[in-house]
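Scroll down for the structure; my scribbles are underneath it.
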Amino acid sequence: MPIIRAFALLACLGASALFATPASAQPQADRAQRPVQAPKLEPISDVTVDRDQDTVPDRKDQVVRIQGVVSTPSTAFGEGMFQAFVQDESGGLMLYSRNPRTPLAQGERVEVIGRVRQFRGAIQLQNLSIRSLGRVTPPASVAAEVADADSWKHMGTRVTIEGIAGAPTLDTFGRFRLTGDDGASISVFVPPQVTRTIDWKLVPRGARVQATGVASIYKHTWPYDGGFQLVLTDANDLHLLEPPVPAWHAWAIWAAAASCLLLGIALLVFYLLQRRQKARARELATLSALSNAFSTPDIGQEQLARHACEILTAYGVADAALVHMYDEHGRLRQLAAAAADPMVSVSLQASEPLPAMEVTDNGAQRVIEARMSQKGLTLLSVHSLLAKSGTQGFLAALSPHKRRQSDMQERTLVSAVKLLALALENSRVQERARIEQQELQQLVVTDELTKLYNRRFLEEYLRVQIPLALRRGSGLGFISIDIDHFKTINDTYGHDAGDRVLAGVAARLREAMRSSDLPVRMGGEEFLMLVGEHDAPGTMVIAERLRESVESHVFTDAVEGKDIRVTVSIGIALFGMHGNTAAALLRASDEAMYASKRAGRNRSTLAAYVEAVA
């Protein structure tokens with residue numbers, strides 16, 4: 001009985017070992033590498049997914065579990081290694097391990113647990129744990145164009161392509177280019193095991209062949225956006241469809257090519273002539289556009305420079321244009337810029353002006369070039385904007401790329417610079433004349449000492465305002481203002497001090513007045529303020545504000561080391577109440593001002609009622 005029990009125990013242990021061993025006779029080392037808790041089962045497309053499109057799988061270095069069918073036997077790549085492709089309905093990838101594994105046959109369905117890796121672009125599962133699920137029909141290949149095979153679309157799956165074979169390169173492995181009807185080409189890789197079984201004389205250069213294999217990639221550098229190849233693992237997967245074209249066909253093709261070449265040369269000459277004519281037409285159109293833009297009256301130098309830059313870039317004379325000008329302090333500052341590319345326009349934002357001591361005519365080009373180089377732009381050429389007085393500034397042609405300007409572009413730039421320099425000089429002369437005219441006009445209508453309007457301007461102003469007041473029926477007030485004891489200031493401190501007091505009082509009136517009021521110096525120490533008021537109370541409020549502004553101010557700069565205060569006497573007259581002519585209103589406001597002086601000065605008095613004359 002003990003012997004029977006021993007045999008029964010050994011039989012149970014053997015059966016347990018038999019049922020525990022996978023159908024593929026997986027070694028003990030493989031089982032040891034499998035994780036204690038297997039990951040969830042996923043389709044291959046989820047393992048190889050690349051959502052950020054950087055050609056690297058998002059799941060790289062993760063441990064995953066897949067099921068698929070072996071599309072290439074692991075023995076096809078040579079002995080001493082384990083390398084095979086597996087695919088399911090969603091996609092495919094490679095199985096790889098440095099340690100020998102149980103061979104996998106084509107059509108074997110397996111479950112694999114491994115870490116996602118990438119070797120020179122090819123997505124692999126490494127450190128494998130494999131379990132066989134039986135044999136099924138090998139996956140059928142998908143007919144594809146060469147351009148489709150040379151992409152991530154069929155990565156890791158079997159495809160069939162057709163094309164013209166190039167000359168094979170035979171070493172330990174075979175390799176040749178296959179060019180499809182779509183013009184795309186792909187490298188066909190044949191492992192050493194298969195290379196030795198193919199009669200390469202049956203696949204000569206120029207023959208049309210059909211090749212079936214697994215789409216993979218082999219590239220030394222990232223990103224892995226090219227370098228795809230078709231891996232053949234069986235000599236029966238390479239078929240000759242058509243032999244190469246006979247030699248006399250080649251001669252006919254060469255003759256046709258020569259004819260096409262001659263025709264192409266003729267067309268090229270015609271094209272160059274047309275291009276030259278178009279370039280000349282563009283040059284004339286550019287100069288015409290510049291002339292029209294510069295002829296626009298009353299535009300400033302900045303607008304002229306902006307027109308020049310925009311036209312030069314719009315007509316393709318320069319990728320970007322920049323105008324620098326010397327300002328009144330001798331500094332070189334950016335006046336205008338334009339670029340054909342909006343991204344380049346961002347780089348042309350104005351920089352800080354260059355101090356005059358750092359810039360000379362000879363060094364300006366180097367300074368501009370250095371600044372543009374810091375912004376990633378190439379200075380193609382720079383031209384001085386010359387005037388009779390010297391260099392006004394510079395016009396620079398720029399490009400985001402290193403290139404040489406054409407003769408037409410350089411010639412047009414030179415002409416454009418001359419036109420712009422002349423337009424800038426004319427604009428400068430016109431601006432100076434306009435300013436001088438304004439200054440002269442200002443001298444005619446303003447008092448030089450107080451900068452207030454004078455009596456001459458008042459007469460012209462009232463010639464317009466009195467008829468307007470007549471139509472409105474009212475709305476015009478006269479406030480006469482006289483400085484109290486002004487003669488004492490002149491006698492005590494001198495006329496210079498008196499002039500400074502007059503200027504100070506004028507400044508107080510300007511500060512206290514409204515935008516619609518008109519201050520006038522009538523002469524000596526007398527002033528007049530015209531206000532748009534309809535009633536006496538509102539006009540009195542304004543008059544009191546003017547009086548208080550003068551009374552509260554201390555004139556510290558009239559006499560050195562002396563603080564002076566002054567007061568004013570004010571008289572008020574209203575249109576329609578005290579008259580409806582300028583002479584009557586001036587007379588009424590003067591009489592009211594003298595009434596303020598008689599009453600003790602430093603006060604405001606409304607004129608006595610006078611019936612308006614119709």
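Residues in the structure tokens are numbered from 1 in each chain, the chains being A, B, ... in the order shown, and ligands are numbered from 1 in the order shown.
The residue set within 6 Å of stretch 165-181 of chain A, counting only C-alpha atoms and dropping same-chain residues fewer than 2 places from it, reads Val146, Gly163, Gly183, Ala184, Ser185, Ile186, Ser187, Val188, Phe189, Val190, Pro191, Pro192, Thr195, Arg205, Gly206 and Ala207 of chain A.
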Taking the DSSP assignment computed from this structure's backbone, write out as a count of residues only all residues of stretch 337-478 of chain A that belong to strand (DSSP E). 25
Extract, using only C-alpha atoms, all DNA, RNA and protein residues at most 10 Å from A:Asp499, discarding same-chain residues fewer than 2 positions from it, and format them as a PyMOL selection string. chain A and resi 449-450+489-490+494-497+501-505+524-525+558
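Distance annotation: of A:Ser549, A:Thr197, A:Ser129, A:Ser288, the residue with the minimal separation from A:Thr412 is A:Ser288; atom set is only C-alpha atoms.
Rounded to one decimal, atom CA of A:Ala339 and atom CA of A:Asn426 lie 26.1 Å from each other.
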A:Arg472: which residues within 12 Å, counting only C-alpha atoms, same-chain residues fewer than 2 positions away excluded, as a ChimeraX atom specification? /A:465-470,474-476,532-534,575-576,580
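Within 9 Å of A:Tyr315, once only C-alpha atoms are used and residues closer than 3 positions along the same chain are dropped, the contacting residues are A:Arg282, A:Glu283, A:Ala285, A:Thr286, A:Glu310, A:Ile311, A:Leu312, A:Ala318.
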Output file for the selection above: C-alpha atoms, as a short mmCIF file (atom, residue, chain, number, x, y, z; two decimals), in the first residue's frame:
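result_29.cif was written with the following content:
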data_model
loop_
_atom_site.label_atom_id
_atom_site.label_comp_id
_atom_site.auth_asym_id
_atom_site.auth_seq_id
_atom_site.Cartn_x
_atom_site.Cartn_y
_atom_site.Cartn_z
CA ARG A 282 6.43 95.66 -61.22
CA GLU A 283 9.29 98.14 -60.80
CA ALA A 285 4.16 100.01 -60.75
CA THR A 286 6.06 100.30 -57.44
CA GLU A 310 4.05 99.22 -46.98
CA ILE A 311 4.38 99.71 -50.75
CA LEU A 312 7.86 98.14 -50.92
CA ALA A 318 11.51 93.56 -49.86
#
Select from stretch 399-517 of chain A every residue with an atom at most 12 Å from any atom of stretch 563-570 of chain A, then for each give the shortest pair of atoms and their distance in Å to one decimal, using only C-alpha atoms, rows by chain and rising number, as a Markdown table.
| residue | atom | partner | partner_atom | distance |
| --- | --- | --- | --- | --- |
| A:Phe478 | CA | A:Ile570 | CA | 10.1 |
| A:Ile479 | CA | A:Ile570 | CA | 6.6 |
| A:Ser480 | CA | A:Ile570 | CA | 5.5 |
| A:Ile481 | CA | A:Ile570 | CA | 4.6 |
| A:Asp482 | CA | A:Ser569 | CA | 5.4 |
| A:Ile483 | CA | A:Val568 | CA | 4.4 |
| A:Asp484 | CA | A:Val568 | CA | 5.2 |
| A:His485 | CA | A:Val566 | CA | 8.0 |
| A:Phe486 | CA | A:Val566 | CA | 8.2 |
| A:Lys487 | CA | A:Val566 | CA | 11.6 |
| A:Thr488 | CA | A:Val566 | CA | 10.8 |
| A:Ile489 | CA | A:Ile564 | CA | 9.0 |
| A:Thr492 | CA | A:Ile564 | CA | 11.5 |
| A:Tyr493 | CA | A:Ile564 | CA | 10.3 |
| A:Ala497 | CA | A:Ile564 | CA | 9.9 |
| A:Gly498 | CA | A:Ile564 | CA | 10.6 |
| A:Arg500 | CA | A:Ile564 | CA | 10.9 |
| A:Val501 | CA | A:Val566 | CA | 8.5 |
| A:Leu502 | CA | A:Val566 | CA | 10.2 |
| A:Gly504 | CA | A:Val566 | CA | 10.3 |
| A:Val505 | CA | A:Val566 | CA | 8.8 |
| A:Ala506 | CA | A:Val568 | CA | 11.8 |
| A:Arg508 | CA | A:Val568 | CA | 11.6 |
| A:Leu509 | CA | A:Val568 | CA | 11.2 |
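Distances to A:Leu125 were evaluated for A:Glu111, A:Asp557, A:Glu448, A:Asp150 using only C-alpha atoms, and the minimum falls at A:Glu111.
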Within 7 Å of A:Val323 using only C-alpha atoms, minus same-chain residues under 4 positions, as a PyMOL selection string: chain A and resi 305+334-337+394-396
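Selecting helix (DSSP H, G or I) from the backbone DSSP output for stretch 66-179 of chain A yields Ser74, Thr75, Ala76, Phe77, Val146, Ala147, Asp148 and Ala149 of chain A.
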